[in-house]
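Printed here is run_8.txt (compact mmCIF, C-alpha atoms):
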```
# COMPACT_ATOMS: atom_id res chain seq x y z
CA MET A 13 36.01 -13.90 -44.75
CA ALA A 14 33.82 -11.05 -46.00
CA ASN A 15 30.38 -11.52 -47.54
CA GLY A 16 30.78 -8.97 -50.34
CA ASN A 17 29.28 -6.13 -48.31
CA GLY A 18 32.34 -5.36 -46.24
CA ASN A 19 31.07 -7.44 -43.32
CA SER A 20 32.21 -10.71 -41.84
CA ALA A 21 30.32 -13.70 -43.20
CA GLY A 22 27.17 -14.30 -41.14
CA GLU A 23 27.15 -10.78 -39.69
CA PRO A 24 23.97 -8.71 -40.27
CA TYR A 25 24.24 -5.54 -42.36
CA VAL A 26 22.00 -2.72 -43.64
CA ILE A 27 21.22 -1.90 -47.27
CA ARG A 28 18.74 0.49 -48.86
CA GLY A 29 16.09 -0.39 -51.38
CA ARG A 30 12.43 -0.81 -52.24
CA GLY A 31 10.69 -4.01 -53.25
CA GLU A 32 10.69 -7.67 -52.28
CA ASP A 33 13.30 -8.40 -54.94
CA LYS A 34 15.88 -6.32 -53.01
CA ALA A 35 16.19 -9.09 -50.41
CA PRO A 36 19.46 -11.01 -51.04
CA GLU A 37 19.29 -14.76 -51.50
CA ASN A 38 19.62 -17.02 -48.45
CA SER A 39 18.91 -14.22 -45.99
CA PHE A 40 16.25 -13.01 -43.57
CA CYS A 41 15.40 -9.39 -44.46
CA LEU A 42 13.59 -6.83 -42.33
CA PHE A 43 12.14 -3.83 -44.16
CA ALA A 44 11.57 -0.50 -42.40
CA ASP A 45 8.23 0.17 -44.13
CA VAL A 46 5.16 -1.82 -45.11
CA ASN A 47 4.96 -3.46 -48.56
CA PHE A 48 8.75 -3.90 -48.59
CA ASN A 49 9.42 -0.11 -48.46
CA VAL A 50 7.41 0.53 -51.64
CA GLY A 51 5.53 3.82 -51.48
CA GLY A 52 6.69 4.80 -48.00
CA PRO A 53 9.31 7.28 -46.76
CA ARG A 54 11.70 4.69 -45.29
CA ASP A 55 14.00 2.50 -47.38
CA LYS A 56 16.32 0.69 -44.95
CA ILE A 57 16.64 -3.10 -45.02
CA LEU A 58 18.39 -5.10 -42.28
CA VAL A 59 19.86 -8.22 -43.87
CA ILE A 60 20.52 -11.21 -41.59
CA PRO A 61 22.39 -14.01 -43.40
CA ALA A 62 21.04 -17.55 -42.97
CA ASN A 63 21.99 -18.93 -39.52
CA GLY A 64 22.83 -15.39 -38.37
CA THR A 65 21.54 -13.54 -35.32
CA ALA A 66 20.77 -9.86 -34.70
CA ASN A 67 20.39 -9.52 -30.93
CA ASN A 68 19.89 -5.76 -31.05
CA PHE A 69 18.95 -4.07 -34.32
CA SER A 70 20.51 -0.80 -33.10
CA ASP A 71 23.94 -2.46 -33.21
CA TYR A 72 23.65 -2.44 -37.00
CA GLY A 73 22.38 1.11 -37.50
CA PHE A 74 18.76 -0.02 -37.64
CA ASN A 75 17.23 1.87 -34.75
CA GLN A 76 13.88 0.69 -33.45
CA SER A 77 12.64 4.19 -32.61
CA ASP A 78 13.29 5.48 -36.11
CA ASP A 79 13.48 2.62 -38.62
CA GLY A 80 11.30 -0.08 -37.09
CA VAL A 81 10.31 -3.34 -38.83
CA SER A 82 7.15 -3.24 -40.92
CA SER A 83 7.58 -6.06 -43.46
CA VAL A 84 9.67 -9.22 -43.74
CA VAL A 85 11.16 -11.45 -46.44
CA ASN A 86 12.45 -14.88 -45.41
CA ASN A 87 14.64 -16.08 -48.28
CA THR A 88 15.96 -19.05 -46.32
CA GLY A 89 14.87 -22.66 -46.00
CA LYS A 90 14.29 -22.31 -42.25
CA ASN A 91 11.48 -21.04 -40.06
CA ASN A 92 12.92 -17.81 -38.64
CA ILE A 93 11.82 -15.73 -35.63
CA LEU A 94 11.25 -12.09 -34.67
CA PHE A 95 11.36 -11.01 -31.00
CA THR A 96 9.93 -7.93 -29.24
CA ARG A 97 12.96 -7.51 -26.97
CA THR A 98 16.68 -7.37 -27.55
CA ASN A 99 18.66 -10.58 -27.07
CA GLN A 100 15.81 -12.83 -28.27
CA GLY A 101 13.48 -11.81 -25.46
CA GLY A 102 9.80 -10.98 -25.16
CA SER A 103 7.13 -12.27 -27.54
CA GLN A 104 7.99 -14.29 -30.65
CA LEU A 105 6.69 -14.16 -34.22
CA PRO A 106 7.67 -17.20 -36.33
CA VAL A 107 8.24 -16.42 -40.02
CA ALA A 108 7.92 -19.56 -42.13
CA ALA A 109 10.69 -20.69 -44.50
CA ASN A 110 10.60 -19.02 -47.92
CA SER A 111 7.71 -16.74 -46.95
CA VAL A 112 6.95 -13.02 -46.75
CA ILE A 113 4.88 -10.73 -44.53
CA ALA A 114 4.08 -7.58 -46.46
CA ASP A 115 2.46 -5.62 -43.63
CA LEU A 116 3.11 -6.24 -39.93
CA THR A 117 0.24 -3.89 -39.04
CA LYS A 118 -1.98 -6.86 -39.93
CA ILE A 119 -0.33 -9.18 -37.36
CA PRO A 120 -1.86 -8.75 -33.85
CA LEU A 121 0.29 -8.23 -30.73
CA SER A 122 -1.63 -7.45 -27.54
CA GLU A 123 1.34 -5.94 -25.64
CA SER A 124 2.02 -3.32 -28.35
CA PRO A 125 0.63 0.24 -28.02
CA THR A 126 -0.85 -0.26 -31.51
CA HIS A 127 -1.81 -3.90 -30.76
CA THR A 128 0.17 -5.04 -33.82
CA TRP A 129 3.69 -6.25 -34.63
CA ASN A 130 4.42 -3.13 -36.68
CA ASP A 131 7.71 -1.55 -35.53
CA GLN A 132 7.85 -3.78 -32.42
CA ALA A 133 10.60 -6.26 -33.35
CA GLN A 134 13.97 -5.57 -31.74
CA SER A 135 15.93 -8.79 -32.35
CA ALA A 136 15.77 -11.68 -34.79
CA LEU A 137 17.12 -15.13 -35.47
CA ALA A 138 17.68 -16.51 -38.98
CA ALA A 139 17.51 -20.13 -37.83
CA ALA A 140 14.76 -22.50 -36.79
CA LYS A 141 16.10 -23.34 -33.32
CA PRO A 142 17.20 -20.62 -30.84
CA VAL A 143 20.19 -21.25 -28.58
CA PRO A 144 19.29 -20.83 -24.86
CA LEU A 145 21.10 -18.14 -22.90
CA PRO A 146 24.25 -19.29 -21.08
CA VAL A 147 24.24 -19.02 -17.29
CA PHE A 148 26.84 -17.37 -15.04
CA THR A 149 27.57 -19.43 -11.92
CA GLU A 150 30.66 -17.62 -10.54
CA PRO A 151 31.02 -14.95 -9.31
CA LYS A 152 27.47 -14.32 -8.16
CA ALA A 153 25.65 -11.27 -9.52
CA GLY A 154 26.58 -8.19 -7.51
CA ALA A 155 29.43 -9.94 -5.71
CA GLN A 156 32.40 -8.00 -4.36
CA THR A 157 35.73 -9.78 -4.74
CA GLN A 158 39.28 -8.87 -3.79
CA ASN A 159 40.66 -11.55 -6.12
CA ARG A 160 42.21 -9.57 -9.00
CA ARG A 161 42.32 -12.76 -11.11
CA GLN A 162 38.76 -13.83 -10.34
CA ALA A 163 37.67 -16.64 -12.68
CA VAL A 164 34.31 -16.42 -14.45
CA ARG A 165 32.42 -19.71 -14.79
CA GLY A 166 29.09 -20.82 -16.14
CA SER A 167 26.93 -23.45 -17.77
CA THR A 168 25.15 -23.73 -21.09
CA THR A 169 23.14 -26.08 -23.26
CA PRO A 170 24.91 -29.40 -23.98
CA ASP A 171 24.92 -28.88 -27.76
CA ALA A 172 26.74 -25.52 -27.57
CA GLN A 173 30.38 -25.70 -28.64
CA GLN A 174 31.64 -22.45 -27.11
CA VAL A 175 30.73 -19.32 -25.15
CA LEU A 176 31.86 -15.85 -26.22
CA LEU A 177 32.64 -13.58 -23.26
CA TYR A 178 32.62 -9.77 -23.55
CA GLU A 179 33.18 -6.70 -21.42
CA GLY A 180 31.31 -3.96 -23.22
CA ALA A 181 32.18 -4.28 -26.90
CA LYS A 182 35.56 -5.93 -26.17
CA GLN A 183 35.72 -9.71 -26.50
CA LEU A 184 37.60 -11.15 -23.53
CA GLY A 185 37.71 -14.74 -24.66
CA THR A 186 36.26 -17.74 -26.47
CA CYS A 187 35.49 -20.39 -23.88
CA PRO A 188 35.16 -24.05 -24.98
CA VAL A 189 32.18 -25.94 -23.57
CA LYS A 190 32.88 -29.23 -21.81
CA ASP A 191 30.15 -31.20 -20.04
CA SER A 192 27.85 -28.18 -20.42
CA THR A 193 30.24 -25.90 -18.49
CA TRP A 194 32.67 -23.15 -19.49
CA GLU A 195 35.31 -21.05 -17.75
CA TYR A 196 37.38 -17.91 -18.27
CA THR A 197 40.42 -16.94 -16.16
CA PRO A 198 42.02 -13.57 -16.97
CA ASP A 199 45.75 -13.47 -17.63
CA THR A 200 46.00 -9.93 -16.22
CA ASP A 201 44.40 -8.28 -13.18
CA TRP A 202 40.81 -7.09 -13.44
CA PRO A 203 40.65 -3.29 -13.14
CA LEU A 204 39.25 -2.13 -9.81
CA GLY A 205 35.59 -1.20 -9.63
CA GLN A 206 32.53 -2.32 -11.55
CA ARG A 207 32.82 -5.05 -14.18
CA ASP A 208 29.97 -5.57 -16.64
CA LEU A 209 30.27 -8.80 -18.62
CA SER A 210 28.05 -10.47 -21.19
CA ALA A 211 28.14 -13.97 -22.64
CA MET A 212 26.67 -15.63 -25.74
CA ALA A 213 26.50 -19.36 -26.36
CA VAL A 214 27.28 -20.65 -29.87
CA ARG A 215 25.86 -23.75 -31.54
CA ASP A 216 27.33 -24.20 -35.03
CA ASN A 217 26.90 -20.69 -36.54
CA VAL A 218 23.93 -19.69 -34.37
CA THR A 219 24.39 -17.50 -31.27
CA SER A 220 22.15 -17.07 -28.25
CA GLY A 221 21.08 -13.78 -26.81
CA LYS A 222 23.33 -12.13 -24.22
CA ALA A 223 23.42 -13.13 -20.57
CA TYR A 224 24.73 -10.42 -18.25
CA LEU A 225 26.84 -10.36 -15.10
CA ARG A 226 27.85 -7.39 -12.96
CA PHE A 227 30.38 -7.80 -10.16
CA TYR A 228 32.86 -5.56 -8.37
CA VAL A 229 36.62 -5.81 -7.81
CA THR A 230 37.57 -4.12 -4.53
CA LEU A 231 40.34 -3.70 -1.95
CA PRO A 232 40.21 -3.44 1.87
CA THR A 233 40.90 0.29 1.34
CA PRO A 234 38.76 2.88 -0.56
CA VAL A 235 38.10 2.22 -4.24
CA VAL A 236 36.37 4.55 -6.73
CA ASP A 237 35.18 3.93 -10.30
CA ILE A 238 33.57 6.58 -12.55
CA ARG A 239 30.78 4.98 -14.61
CA SER A 240 29.25 8.04 -16.30
CA PRO A 241 30.00 9.94 -18.50
CA LYS A 242 31.80 7.34 -20.59
CA GLU A 243 35.38 8.05 -21.65
CA GLY A 244 35.41 10.36 -24.69
CA ALA A 245 31.65 10.97 -24.59
CA LYS A 246 29.92 14.13 -25.83
CA VAL A 247 27.48 15.17 -23.09
CA ASP A 248 24.95 17.75 -21.96
CA THR A 249 26.41 20.77 -20.13
CA GLY A 250 24.28 19.82 -17.11
CA VAL A 251 25.41 16.19 -16.87
CA SER A 252 26.31 14.64 -13.51
CA VAL A 253 29.39 12.51 -12.83
CA ASP A 254 28.32 9.15 -11.37
CA GLY A 255 30.01 6.00 -10.21
CA VAL A 256 30.58 3.36 -7.56
CA ALA A 257 32.83 3.44 -4.49
CA PHE A 258 33.70 0.90 -1.81
CA ASN A 259 34.96 1.28 1.76
CA ALA A 260 34.35 5.02 1.36
CA ASP A 261 32.18 7.75 2.88
CA THR A 262 32.58 10.45 0.22
CA VAL A 263 33.94 11.01 -3.26
CA THR A 264 35.74 14.23 -4.20
CA LEU A 265 35.95 15.51 -7.77
CA THR A 266 38.74 17.72 -9.07
CA GLU A 267 39.59 19.29 -12.41
CA GLY A 268 42.98 20.80 -13.11
CA GLY A 269 43.90 20.31 -9.45
CA LYS A 270 40.89 22.35 -8.27
CA GLU A 271 38.15 20.75 -6.19
CA ILE A 272 34.79 21.05 -7.98
CA GLY A 273 32.45 18.90 -5.90
CA THR A 274 31.92 16.28 -3.21
CA ALA A 275 29.34 13.49 -3.10
CA GLU A 276 28.24 11.17 -0.32
CA VAL A 277 28.47 7.43 -1.00
CA THR A 278 25.15 5.65 -0.44
CA THR A 279 25.05 1.86 -0.81
CA ASN A 280 28.27 2.02 -2.86
CA VAL A 281 26.92 4.48 -5.45
CA TRP A 282 27.46 8.23 -5.77
CA SER A 283 26.53 11.12 -8.03
CA CYS A 284 27.92 14.64 -8.20
CA ILE A 285 26.79 17.71 -10.14
CA PRO A 286 29.25 20.58 -9.67
CA GLN A 287 27.74 24.00 -9.09
CA GLY A 288 26.74 25.59 -12.38
CA ALA A 289 26.84 23.97 -15.81
CA TRP A 290 29.97 22.57 -17.40
CA SER A 291 31.67 25.06 -19.67
CA LEU A 292 31.56 24.17 -23.36
CA GLY A 293 34.52 22.12 -24.50
CA LYS A 294 36.74 19.33 -23.19
CA HIS A 295 36.96 18.33 -19.54
CA SER A 296 39.18 15.96 -17.58
CA VAL A 297 37.67 15.13 -14.18
CA THR A 298 39.32 13.03 -11.46
CA ALA A 299 37.53 11.27 -8.60
CA LYS A 300 38.98 10.07 -5.28
CA ALA A 301 37.10 8.07 -2.66
CA VAL A 302 37.76 9.00 0.97
CA ARG A 303 37.24 7.23 4.30
CA GLY A 304 38.78 8.99 7.28
CA ALA A 305 42.43 9.60 6.44
CA GLN A 306 42.41 7.02 3.63
CA GLU A 307 42.14 7.95 -0.02
CA SER A 308 41.66 5.71 -3.04
CA ASP A 309 43.75 5.72 -6.14
CA PRO A 310 42.28 8.29 -8.55
CA ASP A 311 39.99 7.51 -11.48
CA THR A 312 39.77 10.00 -14.34
CA VAL A 313 37.28 10.51 -17.17
CA ASN A 314 37.65 12.74 -20.22
CA PHE A 315 34.53 14.09 -21.93
CA THR A 316 33.29 17.02 -24.00
CA ALA A 317 30.42 19.27 -22.89
CA ALA A 318 28.32 20.62 -25.75
CA ASP A 319 25.02 22.36 -26.36
CA PRO A 320 22.66 19.39 -26.64
CA ASP A 321 19.79 18.84 -29.06
CA LEU A 322 18.06 17.41 -26.03
CA ARG A 323 18.54 18.22 -22.35
CA VAL A 324 17.22 15.96 -19.60
CA GLU A 325 16.43 16.33 -15.90
CA CYS A 326 14.83 14.11 -13.29
CA LYS A 327 12.67 14.62 -10.19
CA PHE A 328 12.04 11.85 -7.65
CA ASN A 329 8.35 11.55 -6.80
CA SER A 330 7.84 8.85 -4.19
CA SER A 331 8.31 5.18 -3.37
CA TRP A 332 6.00 2.50 -2.02
CA GLU A 333 5.92 -1.22 -1.39
CA ASP A 334 4.55 -3.36 -4.20
CA GLY A 335 1.86 -5.59 -2.71
CA GLU A 336 2.48 -8.40 -5.18
CA THR A 337 6.27 -8.75 -5.04
CA HIS A 338 7.00 -6.98 -1.70
CA LYS A 339 9.75 -5.12 -3.52
CA TYR A 340 9.60 -1.32 -3.83
CA ILE A 341 8.42 0.87 -6.69
CA TYR A 342 10.30 4.13 -7.19
CA SER A 343 8.63 6.82 -9.32
CA TYR A 344 10.47 9.57 -11.22
CA ASP A 345 9.42 12.40 -13.52
CA ILE A 346 11.97 12.54 -16.33
CA THR A 347 11.71 15.67 -18.48
CA MET A 348 13.38 16.18 -21.86
CA HIS A 349 13.84 19.75 -23.15
CA ALA A 350 14.41 20.51 -26.85
CA GLY A 351 16.27 23.47 -28.31
CA GLU A 352 15.39 25.34 -31.47
CA THR A 353 14.24 22.19 -33.29
CA ALA A 354 11.58 19.66 -32.31
CA VAL A 355 12.93 16.18 -31.56
CA LYS A 356 10.73 13.48 -33.10
CA HIS A 357 12.92 10.44 -32.46
CA TRP A 358 14.86 10.03 -29.23
CA ASN A 359 16.41 7.61 -26.77
CA LEU A 360 16.29 8.02 -23.00
CA GLY A 361 18.27 5.90 -20.57
CA PHE A 362 19.77 5.43 -17.11
CA GLY A 363 21.66 2.71 -15.24
CA GLN A 364 23.36 1.52 -12.07
CA LEU A 365 20.18 -0.29 -11.02
CA PRO A 366 20.73 -3.00 -8.38
CA ASP A 367 20.44 -6.68 -9.23
CA GLY A 368 16.81 -7.73 -9.24
CA SER A 369 15.45 -4.46 -10.64
CA VAL A 370 13.06 -4.11 -13.56
CA LEU A 371 10.64 -1.54 -14.95
CA ALA A 372 7.41 -1.78 -12.95
CA LYS A 373 4.69 -3.65 -14.82
CA GLN A 374 2.29 -0.73 -14.21
CA PHE A 375 4.61 1.47 -16.27
CA VAL A 376 5.18 -1.18 -18.95
CA ALA A 377 1.41 -1.60 -19.38
CA ILE A 378 0.78 2.07 -20.23
CA PHE A 379 4.03 3.30 -21.81
CA TRP A 380 3.42 4.39 -25.40
CA GLY A 381 7.03 4.21 -26.63
CA MET A 382 9.66 1.52 -27.11
CA ILE A 383 11.15 -0.40 -24.17
CA ILE A 384 14.56 -1.41 -25.50
CA GLU A 385 16.18 -2.38 -22.18
CA ASP A 386 13.91 -3.08 -19.19
CA GLY A 387 16.41 -2.73 -16.33
CA SER A 388 16.78 -6.47 -15.72
CA HIS A 389 20.55 -6.27 -16.25
CA GLY A 390 21.05 -2.86 -14.64
CA GLU A 391 20.19 -0.53 -17.53
CA VAL A 392 16.98 1.05 -18.84
CA LEU A 393 16.71 2.30 -22.41
CA LEU A 394 13.51 3.81 -23.78
CA GLY A 395 12.75 5.01 -27.30
CA SER A 396 10.19 7.24 -28.93
CA PRO A 397 7.30 5.62 -30.81
CA PRO A 398 8.17 5.21 -34.50
CA GLU A 399 5.11 7.14 -35.65
CA GLY A 400 6.67 10.44 -34.56
CA VAL A 401 4.04 11.21 -31.93
CA HIS A 402 5.10 12.13 -28.39
CA ILE A 403 7.74 14.44 -29.79
CA VAL A 404 9.72 16.94 -27.74
CA PRO A 405 8.50 20.27 -29.18
CA ALA A 406 10.90 23.03 -30.17
CA LYS A 407 11.73 25.14 -27.08
CA GLY A 408 9.36 22.85 -25.20
CA HIS A 409 9.48 19.73 -23.08
CA LEU A 410 8.12 16.20 -22.71
CA THR A 411 7.75 14.59 -19.27
CA ILE A 412 7.55 10.83 -18.71
CA THR A 413 6.69 9.34 -15.32
CA VAL A 414 8.86 6.24 -15.06
CA GLN A 415 8.38 3.58 -12.37
CA VAL A 416 11.13 1.12 -11.44
CA LEU A 417 10.76 -1.94 -9.23
CA VAL A 418 13.83 -2.37 -6.98
CA PRO A 419 14.64 -5.09 -4.39
CA LYS A 420 14.52 -2.95 -1.24
CA LYS A 421 13.86 0.52 0.06
CA ASP A 422 17.04 2.60 -0.06
CA ASP A 423 17.79 6.34 -0.29
CA ALA A 424 20.35 5.55 -2.99
CA TYR A 425 17.46 4.96 -5.41
CA LYS A 426 16.07 8.47 -5.01
CA LYS A 427 18.48 9.38 -7.83
CA LEU A 428 18.88 8.04 -11.34
CA TYR A 429 22.48 7.39 -12.33
CA GLY A 430 23.92 7.85 -15.80
CA LEU A 431 20.74 9.61 -16.97
CA PHE A 432 20.90 10.73 -20.61
CA ALA A 433 18.71 11.64 -23.56
CA LYS A 434 19.74 11.95 -27.19
CA SER A 435 18.15 12.90 -30.46
CA LEU A 436 18.21 10.24 -33.19
CA ALA A 437 17.80 12.75 -36.01
```
Could you show the structure in this file as structure tokens?
Amino acid sequence: MANGNGNSAGEPYVIRGRGEDKAPENSFCLFADVNFNVGGPRDKILVIPANGTANNFSDYGFNQSDDGVSSVVNNTGKNNILFTRTNQGGSQLPVAANSVIADLTKIPLSESPTHTWNDQAQSALAAAKPVPLPVFTEPKAGAQTQNRRQAVRGSTTPDAQQVLLYEGAKQLGTCPVKDSTWEYTPDTDWPLGQRDLSAMAVRDNVTSGKAYLRFYVTLPTPVVDIRSPKEGAKVDTGVSVDGVAFNADTVTLTEGGKEIGTAEVTTNVWSCIPQGAWSLGKHSVTAKAVRGAQESDPDTVNFTAADPDLRVECKFNSSWEDGETHKYIYSYDITMHAGETAVKHWNLGFGQLPDGSVLAKQFVAIFWGMIIEDGSHGEVLLGSPPEGVHIVPAKGHLTITVQVLVPKKDDAYKKLYGLFAKSLA
């Protein structure tokens, strides 16, 4: 059933307007500018219906690096909550029932670069009681399985009625909760390679944040899986092709039957940049993993190379043992280059991090932008500060020294996989 705005009932949506009176009844509304968008340049409003959840504002076209949250109207009878991280993570700001906050620059937040809540919220809950994250119990994170019908099992809070299971944006199933446990068994084979799942617990109409699970479906023979670029993506002409491979020594890339590059497999990951930039236009690239005389079945990705608004490159600096955790910190200089136009708002990301990784706390303490994903489920996503400082100047560059904490020392981590930058203009 729709809610009159072309959305499913309970689903957040974006409107435009200025003034407290623009907040619909029985909703939790987040305004992009102070004083409910009155007098400022921004006019977006993210509307979260009562009992709804917005686990990542970017999912609804309300991007933290550009729009931000600067004032709030709670038109519900419940005490709602803002969070500084996606999926109801980080610090919390309760917003009392039937109340307003006209200016989040007045609300202190020690972890923020500005020491206030202004533009820091990334997820929100329009209900008084959050639902705890569900837990995956099988398979284990990072597990390799040859069972093509591997069941996925987990536990959750006793008052949850169901768990929603996703792979990417595709919903795989709705799993009933019985005795605080849930289970999903696929009715077709899992595709070979890396599987990235997420799960949300549901109590009445309220959903939890997302819990994540990465595991791998393999064979006794070589297996290859391209992870970046994504199918159909528009990419930089200098982008690498990255992925995972198992029971393999090398991965060979071909296009149109012609070999264009070979990459060594290190700890089941690989990355290949063919000589020279990709030509402008569409490409169809095929990967095969090789061990001795054995070859894997091919995996193919189709993408389009284009002149980017923003080009990105990375240089590995060094690694050292962290005295507190006895894990290892890997340091990288990531440089974004702009074209003819300065880029004021941007996202920067990379992935394929091993289980147990996270952005190093030394980096988190001094980074002046937005940390949207912190690497704890394999991906890092950073955003520019909403104020428009730290821009990438026209025909210039901006370098960020990023530090990642990983479980062990390994040459595989001297590269960043799936590295990208994009302008949010």
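With distances taken over all atoms listed in the file, A:Ala424 is the one residue among A:Gly250, A:Thr168, A:Ala424, A:His389 lying closest to Asn280 (chain A).
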(Q) Under the rule that all atoms listed in the file are counted, which of A:Gln183, A:Ser369, A:Ser283, A:Thr411 is the nearest residue to Asp345 (chain A)? (A) A:Thr411
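Going from CA of Val392 (chain A) to CA of Phe362 (chain A) covers 5.5 Å.
You can rank A:Gln132, A:Thr126, A:Thr88, A:Val218 by their closest distance to Asp171 (chain A) using all atoms listed in the file, and at the top of that list sits A:Val218.
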Around all of region 71-76 of chain A's listed atoms, make the axis-aligned box with 4 Å on each side and tell me centre and edge lengths in Å to one decimal, as lines of an AutoDock Vina configuration file.
```
center_x = 18.9
center_y = -0.3
center_z = -35.4
size_x = 18.1
size_y = 12.3
size_z = 12.4
```
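Note that CA of Gln364 (chain A) and CA of Gly288 (chain A) are 24.3 Å apart.
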